[in-house]
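Scroll down for the structure; my scribbles are underneath it.
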Amino acid sequence: MNNTPIPLGPKADKATVRRHNLSLVLRAVHDAGDATRAAVATRVGLTRAAVSSLVEQLLENGFLTEWGKTSSGQAGRPGTVLKVARTGPAGLGVEINVDYVAVCVVDLAGTDRVRLVEHVDNRGVSPSEVLGRAAQLAARALASAAEQDLTPVGAHVVVPGLVTGGTVRQAPNLGWTRVAVEGLFAQSLSALAPARRPLPVSSDNEANAAALAELWYGAGTEGVRSFLYLTGEIGIGGALVVGGELLRGAHGFAGEIGHMVVDPDGPLCPCGAHGCLEQYAGQAALLAAAGIETTAGVLGVAELQRRVRRADPDALAAVERAGRQLGCVVSGAVNLFDPDAVMLGGFYRALTRWLAPAVERELALRVISGLWAKGSGRLRAASPLGDAARGAAGVIVQEVLADPAAFADRGDDD
């Protein structure tokens, strides 16, 4: 028997406990939508006096607001309703994709307050130019947020590729390799607003952010804590949420379902391999099979949607073939990870009605549990609220909710 003592770390002091309890109270109000001090005390298991002290600190620092009175139906004075503040700290999300850049500001309640999108082809453009363009859009979003008395306390940049340690290791569809995305974006944003306090910047894969947006804000995952999220764009992104947490893998690269091989002798993929799923069910493959110009971008996707609604045979056949290939690959992921649901995001969301029959046939045939029969309701369209830019902003919001004391003074510019 090994009697080596397990290191327990430093003992929590009063300040540490108070920081933790501030988060408990803020989250309790956030999750409830509104609550009285008494209701919060009951929920978090603290005394009313302790909760009142914590609430006063959260009110003073702009995390909570008071909102009228409510009666519990019992004797005594009515309680003051607490809500998460609609001004003050917020999150800034920045999504860089192949054919667009999007930015989003989300307040602490999870409301999308600013959204800007620029449709532009980023292929063959230098990373510094693309990130500079994203910074310009972000600067506009920050100005709009300031007009609403919102102050983003951090920026989260997401890219369709392998992202680790602030660097895009590889983003095949953008043509990026080893790009210091956090540093370049922060430098560009600081140059646009030199008088402003530098905004902390973090980064991740865009499919991860979209999956988190679905988890936090999407109606389709209500009660579902484990799901596979697929986002159809120029490429195909994927993310796995297990028990309400992202499954990142040993190096943070889990979820690259778009590069699972359908046919090893198939067409060359920008990643360097042959026959990846993207070459059969990605945006370019779908548009080409439907007879639509593959460089048409968002207009091409809109045209594909119009054609399937009109029951155009080429468009329907293209979607059916893509659904079949998608179903084959997804069934393997379902057998491996056993999620509760599969969410179709990106442009797949609008095509779910036509994609689903082919995908569900493959799932029913190939998933050995028998739980994915047609009509099981496990294959779902993602929520319109579950997009990567919103999820990226939500990452910052979650950081504030987890430790409000760390962000209490970030709203003031130097």
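Ordering of the structure tokens sets the chain letters (A, B, ...); residue numbers start at 1 within each chain; ligands are numbered from 1 in the order shown.
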
Exercise for the section: List the neighbours of segment 94-105 of chain A out to 7 Å using only C-alpha atoms; skip same-chain residues closer than 6 positions along the sequence, and give me the result as a PyMOL selection string. Expected result: chain A and resi 112-123+134+137-138+156-160+173-174+206+234+297+388-390+392-393

Keeping only N, CA and C atoms, write the selected residues to a file as a short mmCIF file (atom, residue, chain, number, x, y, z; two decimals), in the first residue's frame.
data_model
loop_
_atom_site.label_atom_id
_atom_site.label_comp_id
_atom_site.auth_asym_id
_atom_site.auth_seq_id
_atom_site.Cartn_x
_atom_site.Cartn_y
_atom_site.Cartn_z
N ASP A 112 -27.25 38.57 -26.78
CA ASP A 112 -26.45 39.05 -27.90
C ASP A 112 -26.75 40.54 -28.09
N ARG A 113 -25.79 41.43 -27.77
CA ARG A 113 -26.05 42.87 -27.79
C ARG A 113 -25.48 43.58 -29.02
N VAL A 114 -24.39 43.07 -29.57
CA VAL A 114 -23.79 43.64 -30.77
C VAL A 114 -23.39 42.49 -31.67
N ARG A 115 -23.70 42.59 -32.95
CA ARG A 115 -23.26 41.57 -33.90
C ARG A 115 -22.91 42.25 -35.22
N LEU A 116 -21.71 41.99 -35.70
CA LEU A 116 -21.25 42.52 -36.99
C LEU A 116 -20.66 41.38 -37.79
N VAL A 117 -21.00 41.30 -39.07
CA VAL A 117 -20.50 40.24 -39.95
C VAL A 117 -20.01 40.88 -41.24
N GLU A 118 -18.84 40.46 -41.67
CA GLU A 118 -18.30 40.92 -42.96
C GLU A 118 -18.03 39.69 -43.81
N HIS A 119 -18.73 39.58 -44.94
CA HIS A 119 -18.54 38.46 -45.85
C HIS A 119 -17.38 38.78 -46.78
N VAL A 120 -16.32 38.01 -46.66
CA VAL A 120 -15.11 38.26 -47.43
C VAL A 120 -14.35 36.94 -47.57
N ASP A 121 -13.73 36.73 -48.70
CA ASP A 121 -12.96 35.50 -48.93
C ASP A 121 -11.58 35.66 -48.31
N ASN A 122 -11.30 34.89 -47.28
CA ASN A 122 -10.02 34.98 -46.56
C ASN A 122 -8.96 34.01 -47.07
N ARG A 123 -9.31 33.22 -48.07
CA ARG A 123 -8.34 32.28 -48.63
C ARG A 123 -7.25 33.03 -49.40
N ALA A 134 -10.34 41.66 -38.81
CA ALA A 134 -11.15 41.24 -37.67
C ALA A 134 -11.05 42.24 -36.53
N LEU A 137 -13.27 45.23 -37.20
CA LEU A 137 -14.66 44.90 -36.91
C LEU A 137 -14.88 44.87 -35.40
N ALA A 138 -13.91 44.31 -34.67
CA ALA A 138 -14.01 44.26 -33.21
C ALA A 138 -14.01 45.66 -32.61
N HIS A 156 -12.26 36.57 -27.24
CA HIS A 156 -11.98 35.17 -27.54
C HIS A 156 -12.08 35.00 -29.05
N VAL A 157 -10.96 34.63 -29.68
CA VAL A 157 -10.88 34.52 -31.13
C VAL A 157 -10.93 33.05 -31.53
N VAL A 158 -11.83 32.70 -32.46
CA VAL A 158 -11.95 31.30 -32.86
C VAL A 158 -11.74 31.18 -34.37
N VAL A 159 -11.10 30.08 -34.75
CA VAL A 159 -10.64 29.85 -36.12
C VAL A 159 -10.94 28.39 -36.50
N PRO A 160 -11.29 28.10 -37.76
CA PRO A 160 -11.54 26.72 -38.18
C PRO A 160 -10.23 25.96 -38.40
N ASN A 173 -8.21 25.08 -44.61
CA ASN A 173 -9.06 25.81 -45.54
C ASN A 173 -8.73 27.30 -45.62
N LEU A 174 -8.01 27.80 -44.61
CA LEU A 174 -7.50 29.17 -44.67
C LEU A 174 -6.09 29.22 -45.25
N GLU A 206 -13.21 27.03 -33.85
CA GLU A 206 -14.55 27.61 -33.98
C GLU A 206 -15.66 26.61 -33.71
N ILE A 234 -17.33 26.07 -45.12
CA ILE A 234 -16.49 25.62 -46.22
C ILE A 234 -15.95 24.23 -45.89
N GLY A 297 -20.06 31.28 -52.28
CA GLY A 297 -20.13 31.53 -50.85
C GLY A 297 -21.54 31.52 -50.32
N ALA A 388 -20.66 30.27 -33.54
CA ALA A 388 -19.32 30.32 -32.96
C ALA A 388 -18.98 31.67 -32.36
N ALA A 389 -19.37 32.77 -33.00
CA ALA A 389 -19.04 34.09 -32.45
C ALA A 389 -19.72 34.29 -31.10
N ARG A 390 -20.97 33.86 -31.00
CA ARG A 390 -21.68 34.00 -29.73
C ARG A 390 -21.07 33.09 -28.66
N ALA A 392 -17.97 32.17 -28.56
CA ALA A 392 -16.68 32.75 -28.19
C ALA A 392 -16.87 33.86 -27.15
N ALA A 393 -17.87 34.72 -27.37
CA ALA A 393 -18.16 35.76 -26.38
C ALA A 393 -18.62 35.14 -25.07
#

Extract, using only C-alpha atoms, all DNA, RNA and protein residues at most 9 Å from Met343 of chain A, discarding same-chain residues fewer than 3 positions from it, and format them as a PDB file with N, CA and C atoms, in the first residue's frame.
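Final file, part18.pdb:
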ATOM      1  N   ALA A 211     -20.270  24.742 -30.354  1.00  0.00           N
ATOM      2  CA  ALA A 211     -20.862  23.728 -29.474  1.00  0.00           C
ATOM      3  C   ALA A 211     -21.175  24.308 -28.100  1.00  0.00           C
ATOM      4  N   GLU A 214     -24.252  26.345 -28.259  1.00  0.00           N
ATOM      5  CA  GLU A 214     -25.426  25.463 -28.250  1.00  0.00           C
ATOM      6  C   GLU A 214     -25.722  24.984 -26.836  1.00  0.00           C
ATOM      7  N   GLY A 220     -32.167  23.616 -28.352  1.00  0.00           N
ATOM      8  CA  GLY A 220     -32.185  22.216 -28.770  1.00  0.00           C
ATOM      9  C   GLY A 220     -31.501  21.267 -27.813  1.00  0.00           C
ATOM     10  N   THR A 221     -30.647  21.782 -26.928  1.00  0.00           N
ATOM     11  CA  THR A 221     -29.926  20.903 -26.010  1.00  0.00           C
ATOM     12  C   THR A 221     -30.500  20.946 -24.600  1.00  0.00           C
ATOM     13  N   PHE A 227     -23.428  15.649 -26.355  1.00  0.00           N
ATOM     14  CA  PHE A 227     -23.855  15.668 -27.754  1.00  0.00           C
ATOM     15  C   PHE A 227     -22.662  15.904 -28.665  1.00  0.00           C
ATOM     16  N   LEU A 228     -22.849  15.492 -29.912  1.00  0.00           N
ATOM     17  CA  LEU A 228     -21.884  15.752 -30.971  1.00  0.00           C
ATOM     18  C   LEU A 228     -22.409  16.927 -31.783  1.00  0.00           C
ATOM     19  N   TYR A 229     -21.596  17.957 -31.941  1.00  0.00           N
ATOM     20  CA  TYR A 229     -21.999  19.140 -32.690  1.00  0.00           C
ATOM     21  C   TYR A 229     -21.239  19.159 -34.012  1.00  0.00           C
ATOM     22  N   LEU A 230     -21.965  19.292 -35.121  1.00  0.00           N
ATOM     23  CA  LEU A 230     -21.359  19.396 -36.444  1.00  0.00           C
ATOM     24  C   LEU A 230     -21.679  20.758 -37.027  1.00  0.00           C
ATOM     25  N   THR A 231     -20.678  21.440 -37.524  1.00  0.00           N
ATOM     26  CA  THR A 231     -20.914  22.723 -38.168  1.00  0.00           C
ATOM     27  C   THR A 231     -20.461  22.655 -39.620  1.00  0.00           C
ATOM     28  N   ARG A 349     -27.845  23.414 -40.634  1.00  0.00           N
ATOM     29  CA  ARG A 349     -29.065  23.657 -39.855  1.00  0.00           C
ATOM     30  C   ARG A 349     -30.259  23.916 -40.773  1.00  0.00           C
ATOM     31  N   ARG A 378     -32.992  12.125 -31.952  1.00  0.00           N
ATOM     32  CA  ARG A 378     -31.619  12.363 -31.503  1.00  0.00           C
ATOM     33  C   ARG A 378     -30.811  13.183 -32.509  1.00  0.00           C
ATOM     34  N   LEU A 379     -31.249  13.210 -33.756  1.00  0.00           N
ATOM     35  CA  LEU A 379     -30.607  14.051 -34.765  1.00  0.00           C
ATOM     36  C   LEU A 379     -31.406  15.350 -34.836  1.00  0.00           C
ATOM     37  N   ARG A 380     -30.766  16.491 -34.539  1.00  0.00           N
ATOM     38  CA  ARG A 380     -31.499  17.737 -34.395  1.00  0.00           C
ATOM     39  C   ARG A 380     -30.800  18.888 -35.116  1.00  0.00           C
ATOM     40  N   ALA A 381     -31.599  19.839 -35.556  1.00  0.00           N
ATOM     41  CA  ALA A 381     -31.036  21.089 -36.059  1.00  0.00           C
ATOM     42  C   ALA A 381     -30.564  21.921 -34.875  1.00  0.00           C
ATOM     43  N   ALA A 382     -29.391  22.496 -35.007  1.00  0.00           N
ATOM     44  CA  ALA A 382     -28.880  23.355 -33.948  1.00  0.00           C
ATOM     45  C   ALA A 382     -29.726  24.613 -33.835  1.00  0.00           C
ATOM     46  N   SER A 383     -29.650  25.251 -32.695  1.00  0.00           N
ATOM     47  CA  SER A 383     -30.384  26.485 -32.471  1.00  0.00           C
ATOM     48  C   SER A 383     -29.766  27.624 -33.273  1.00  0.00           C
TER      49      SER A 383
END

Handout entry: From A:Asp263, A:Glu256, A:Glu233, A:Asp403, residue lying nearest Ala333 of chain A [only C-alpha atoms]
Key = A:Glu256

Output as a tab-separated table one row per residue of segment 114-219 of chain A within 9 Å of segment 236-244 of chain A: the closest atom pair and its distance in Å to one decimal place, counting only C-alpha atoms, sorted by chain and residue number ascending.
residue	atom	partner	partner_atom	distance
A:Pro160	CA	A:Gly237	CA	7.1
A:Gly161	CA	A:Gly237	CA	8.5
A:Asn205	CA	A:Gly237	CA	8.7
A:Glu206	CA	A:Gly237	CA	7.7
A:Ala207	CA	A:Gly237	CA	5.2
A:Asn208	CA	A:Ala239	CA	5.3
A:Ala209	CA	A:Ala239	CA	8.7
A:Ala210	CA	A:Ala239	CA	8.3
A:Ala211	CA	A:Ala239	CA	6.2
A:Leu212	CA	A:Val241	CA	8.1
A:Leu215	CA	A:Gly244	CA	7.3

Problem - Expected answer as a ChimeraX atom specification: strand (DSSP E) residues in segment 265-390 of chain A - result: /A:341-346,379-381

Export N, CA and C atoms of the chosen residues as a short mmCIF file (atom, residue, chain, number, x, y, z; two decimals), in the first residue's frame?
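What follows is the written file out.cif:
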data_model
loop_
_atom_site.label_atom_id
_atom_site.label_comp_id
_atom_site.auth_asym_id
_atom_site.auth_seq_id
_atom_site.Cartn_x
_atom_site.Cartn_y
_atom_site.Cartn_z
N ALA A 341 -27.30 13.13 -28.41
CA ALA A 341 -27.85 13.76 -29.60
C ALA A 341 -26.73 14.19 -30.54
N VAL A 342 -27.09 14.42 -31.79
CA VAL A 342 -26.20 15.02 -32.77
C VAL A 342 -26.87 16.30 -33.25
N MET A 343 -26.16 17.41 -33.15
CA MET A 343 -26.69 18.72 -33.53
C MET A 343 -26.06 19.14 -34.85
N LEU A 344 -26.90 19.55 -35.80
CA LEU A 344 -26.43 20.00 -37.11
C LEU A 344 -26.44 21.53 -37.14
N GLY A 345 -25.24 22.13 -37.19
CA GLY A 345 -25.11 23.58 -37.19
C GLY A 345 -24.54 24.10 -38.49
N GLY A 346 -24.19 25.39 -38.52
CA GLY A 346 -23.72 26.00 -39.76
C GLY A 346 -24.81 25.96 -40.81
N LEU A 379 -31.25 13.21 -33.76
CA LEU A 379 -30.61 14.05 -34.76
C LEU A 379 -31.41 15.35 -34.84
N ARG A 380 -30.77 16.49 -34.54
CA ARG A 380 -31.50 17.74 -34.40
C ARG A 380 -30.80 18.89 -35.12
N ALA A 381 -31.60 19.84 -35.56
CA ALA A 381 -31.04 21.09 -36.06
C ALA A 381 -30.56 21.92 -34.88
#

Exercise for the section: Within segment 278-327 of chain A, find each residue whose DSSP state, derived from the backbone, is alpha helix (DSSP H), and express the selection as a PyMOL selection string. Expected result: chain A and resi 278-281+283-289+298-309+313-327

Practice task
Name all residues at most 8 Å from Ser128 of chain A (count only C-alpha atoms; drop same-chain ones fewer than 4 positions away) and give them as a PyMOL selection string.
Solution key: chain A and resi 132+184-185

Handout entry: Pick from A:Gly91, A:Gly255, A:Gly183, A:Gly377, whichever lies nearest to Leu162 of chain A using only C-alpha atoms
Key =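 So, comparing all the options, the nearest one is A:Gly255.
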
Exercise for the section: Quick one: everything within 8 Å of segment 83-86 of chain A, counting only C-alpha atoms, minus sequence neighbours fewer than 6 positions away in the same chain. Send it as a list in words. Expected result: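 Neighbouring residues, sequence-local ones excluded: Leu26, Val29, His30, Gly33, Asp34, Ala35, Gly62, Phe63, Leu64, Thr65, Glu66, Trp67, Asp107, Leu108, Ala109 and Leu150 of chain A.
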
Restricting the output to N, CA and C atoms, write the selected residues as a compact mmCIF listing (two decimals), in the first residue's frame.
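Output file result35.txt follows:
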# COMPACT_ATOMS: atom_id res chain seq x y z
N LEU A 26 -23.57 34.99 -7.82
CA LEU A 26 -23.78 35.53 -9.16
C LEU A 26 -24.37 34.47 -10.09
N VAL A 29 -28.15 33.80 -9.38
CA VAL A 29 -29.05 34.79 -10.00
C VAL A 29 -29.07 34.61 -11.51
N HIS A 30 -27.90 34.39 -12.11
CA HIS A 30 -27.81 34.20 -13.56
C HIS A 30 -28.66 33.02 -14.01
N GLY A 33 -32.46 33.64 -13.60
CA GLY A 33 -33.03 34.74 -14.36
C GLY A 33 -33.31 35.93 -13.47
N ASP A 34 -33.93 35.70 -12.36
CA ASP A 34 -34.09 36.69 -11.30
C ASP A 34 -34.34 35.95 -10.00
N ALA A 35 -33.99 36.58 -8.88
CA ALA A 35 -34.14 35.92 -7.58
C ALA A 35 -34.02 36.94 -6.47
N GLY A 62 -21.20 46.31 -10.25
CA GLY A 62 -21.93 46.32 -11.52
C GLY A 62 -22.27 44.97 -12.10
N PHE A 63 -22.22 43.91 -11.30
CA PHE A 63 -22.56 42.59 -11.81
C PHE A 63 -24.06 42.29 -11.66
N LEU A 64 -24.69 42.87 -10.68
CA LEU A 64 -26.12 42.67 -10.42
C LEU A 64 -26.84 44.02 -10.39
N THR A 65 -28.15 43.97 -10.62
CA THR A 65 -29.01 45.14 -10.44
C THR A 65 -30.23 44.72 -9.63
N GLU A 66 -30.86 45.68 -8.99
CA GLU A 66 -32.10 45.43 -8.26
C GLU A 66 -33.28 45.82 -9.15
N TRP A 67 -34.35 45.03 -9.05
CA TRP A 67 -35.43 45.15 -10.03
C TRP A 67 -36.79 44.98 -9.33
N ASP A 107 -23.75 40.14 -23.17
CA ASP A 107 -23.72 40.62 -21.79
C ASP A 107 -23.76 39.45 -20.81
N LEU A 108 -23.71 39.76 -19.52
CA LEU A 108 -23.63 38.70 -18.50
C LEU A 108 -24.88 37.83 -18.45
N ALA A 109 -26.00 38.35 -18.93
CA ALA A 109 -27.22 37.55 -18.97
C ALA A 109 -27.25 36.59 -20.15
N LEU A 150 -21.71 48.95 -21.99
CA LEU A 150 -21.13 47.61 -21.86
C LEU A 150 -19.62 47.71 -22.06

Practice task
Just the residues within 12 Å of Glu320 of chain A, please, counting only C-alpha atoms, with nothing from its chain fewer than 2 positions along; format it as a ChimeraX atom specification.
Solution key: /A:280-281,286,289-290,308,313-318,322-327,351-362

Problem - Atom-to-atom span, atom CA of Arg37 of chain A and atom CA of Val25 of chain A, Å - result: 9.1 Å

Practice task
Select, from A:Pro384, A:Gly235, A:Gly370, A:Gly223, the residue with the minimum atom-to-atom distance to Pro270 of chain A, counting only C-alpha atoms.
Solution key: A:Gly235

Exercise for the section: Find the residues around Ile396 of chain A up to 10 Å (only C-alpha atoms counted), leave out those fewer than 6 positions away in its own chain, and share them as number ranges by chain. Expected result: A: 89-93, 105-108, 152-156, 200-202, 402

Next, write the just-selected residues to a file, as a PDB file, in the first residue's frame, keeping N, CA, C and O atoms as the atom set.
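Result file follows (part-v2.pdb):
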ATOM      1  N   PRO A  89     -19.621  44.589 -17.320  1.00  0.00           N
ATOM      2  CA  PRO A  89     -18.772  43.564 -17.942  1.00  0.00           C
ATOM      3  C   PRO A  89     -19.513  42.743 -18.996  1.00  0.00           C
ATOM      4  O   PRO A  89     -20.694  42.424 -18.846  1.00  0.00           O
ATOM      5  N   ALA A  90     -18.813  42.419 -20.068  1.00  0.00           N
ATOM      6  CA  ALA A  90     -19.379  41.642 -21.166  1.00  0.00           C
ATOM      7  C   ALA A  90     -18.260  40.862 -21.840  1.00  0.00           C
ATOM      8  O   ALA A  90     -17.084  41.012 -21.496  1.00  0.00           O
ATOM      9  N   GLY A  91     -18.629  40.012 -22.795  1.00  0.00           N
ATOM     10  CA  GLY A  91     -17.656  39.229 -23.542  1.00  0.00           C
ATOM     11  C   GLY A  91     -17.636  39.624 -25.007  1.00  0.00           C
ATOM     12  O   GLY A  91     -18.682  39.946 -25.580  1.00  0.00           O
ATOM     13  N   LEU A  92     -16.460  39.609 -25.620  1.00  0.00           N
ATOM     14  CA  LEU A  92     -16.306  39.871 -27.049  1.00  0.00           C
ATOM     15  C   LEU A  92     -15.862  38.591 -27.740  1.00  0.00           C
ATOM     16  O   LEU A  92     -14.815  38.024 -27.394  1.00  0.00           O
ATOM     17  N   GLY A  93     -16.655  38.122 -28.691  1.00  0.00           N
ATOM     18  CA  GLY A  93     -16.308  36.938 -29.465  1.00  0.00           C
ATOM     19  C   GLY A  93     -15.946  37.323 -30.885  1.00  0.00           C
ATOM     20  O   GLY A  93     -16.605  38.171 -31.500  1.00  0.00           O
ATOM     21  N   VAL A 105     -20.843  40.775 -29.192  1.00  0.00           N
ATOM     22  CA  VAL A 105     -20.723  41.161 -27.790  1.00  0.00           C
ATOM     23  C   VAL A 105     -21.925  40.600 -27.047  1.00  0.00           C
ATOM     24  O   VAL A 105     -23.076  40.814 -27.447  1.00  0.00           O
ATOM     25  N   VAL A 106     -21.655  39.858 -25.984  1.00  0.00           N
ATOM     26  CA  VAL A 106     -22.697  39.218 -25.179  1.00  0.00           C
ATOM     27  C   VAL A 106     -22.596  39.735 -23.752  1.00  0.00           C
ATOM     28  O   VAL A 106     -21.498  39.806 -23.190  1.00  0.00           O
ATOM     29  N   ASP A 107     -23.746  40.135 -23.169  1.00  0.00           N
ATOM     30  CA  ASP A 107     -23.724  40.619 -21.787  1.00  0.00           C
ATOM     31  C   ASP A 107     -23.762  39.449 -20.807  1.00  0.00           C
ATOM     32  O   ASP A 107     -23.834  38.276 -21.205  1.00  0.00           O
ATOM     33  N   LEU A 108     -23.713  39.760 -19.516  1.00  0.00           N
ATOM     34  CA  LEU A 108     -23.626  38.704 -18.505  1.00  0.00           C
ATOM     35  C   LEU A 108     -24.879  37.830 -18.453  1.00  0.00           C
ATOM     36  O   LEU A 108     -24.813  36.693 -17.987  1.00  0.00           O
ATOM     37  N   PRO A 152     -16.655  45.015 -22.655  1.00  0.00           N
ATOM     38  CA  PRO A 152     -16.059  43.680 -22.765  1.00  0.00           C
ATOM     39  C   PRO A 152     -14.736  43.614 -21.998  1.00  0.00           C
ATOM     40  O   PRO A 152     -13.902  44.521 -22.105  1.00  0.00           O
ATOM     41  N   VAL A 153     -14.569  42.554 -21.222  1.00  0.00           N
ATOM     42  CA  VAL A 153     -13.375  42.412 -20.381  1.00  0.00           C
ATOM     43  C   VAL A 153     -12.377  41.420 -20.959  1.00  0.00           C
ATOM     44  O   VAL A 153     -11.333  41.160 -20.363  1.00  0.00           O
ATOM     45  N   GLY A 154     -12.687  40.873 -22.125  1.00  0.00           N
ATOM     46  CA  GLY A 154     -11.790  39.944 -22.786  1.00  0.00           C
ATOM     47  C   GLY A 154     -12.315  39.635 -24.175  1.00  0.00           C
ATOM     48  O   GLY A 154     -13.507  39.818 -24.450  1.00  0.00           O
ATOM     49  N   ALA A 155     -11.423  39.195 -25.053  1.00  0.00           N
ATOM     50  CA  ALA A 155     -11.794  38.791 -26.408  1.00  0.00           C
ATOM     51  C   ALA A 155     -11.387  37.338 -26.617  1.00  0.00           C
ATOM     52  O   ALA A 155     -10.286  36.934 -26.216  1.00  0.00           O
ATOM     53  N   HIS A 156     -12.262  36.569 -27.236  1.00  0.00           N
ATOM     54  CA  HIS A 156     -11.976  35.165 -27.536  1.00  0.00           C
ATOM     55  C   HIS A 156     -12.078  34.998 -29.048  1.00  0.00           C
ATOM     56  O   HIS A 156     -13.136  35.234 -29.633  1.00  0.00           O
ATOM     57  N   PRO A 200      -7.446  41.444 -22.826  1.00  0.00           N
ATOM     58  CA  PRO A 200      -6.902  40.078 -22.829  1.00  0.00           C
ATOM     59  C   PRO A 200      -7.510  39.262 -23.965  1.00  0.00           C
ATOM     60  O   PRO A 200      -8.722  39.335 -24.200  1.00  0.00           O
ATOM     61  N   VAL A 201      -6.681  38.497 -24.658  1.00  0.00           N
ATOM     62  CA  VAL A 201      -7.137  37.722 -25.818  1.00  0.00           C
ATOM     63  C   VAL A 201      -6.845  36.249 -25.596  1.00  0.00           C
ATOM     64  O   VAL A 201      -5.748  35.880 -25.164  1.00  0.00           O
ATOM     65  N   SER A 202      -7.835  35.414 -25.891  1.00  0.00           N
ATOM     66  CA  SER A 202      -7.659  33.959 -25.866  1.00  0.00           C
ATOM     67  C   SER A 202      -8.147  33.409 -27.200  1.00  0.00           C
ATOM     68  O   SER A 202      -8.673  34.151 -28.040  1.00  0.00           O
ATOM     69  N   ALA A 402     -17.459  32.760 -13.235  1.00  0.00           N
ATOM     70  CA  ALA A 402     -16.674  31.852 -12.404  1.00  0.00           C
ATOM     71  C   ALA A 402     -15.841  32.585 -11.365  1.00  0.00           C
ATOM     72  O   ALA A 402     -15.526  32.025 -10.305  1.00  0.00           O
TER      73      ALA A 402
END

Practice task
Find, counting only C-alpha atoms, the residue in A:Arg196, A:Phe347, A:Asp387, A:Arg248 that gets nearest to Leu299 of chain A.
Solution key: A:Phe347

Exercise for the section: For atom CA of Thr80 of chain A and atom CA of Asn21 of chain A, quote the distance in Å rounded to one decimal. Expected result: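 Going from atom CA of Thr80 of chain A over to atom CA of Asn21 of chain A covers 19.9 Å.
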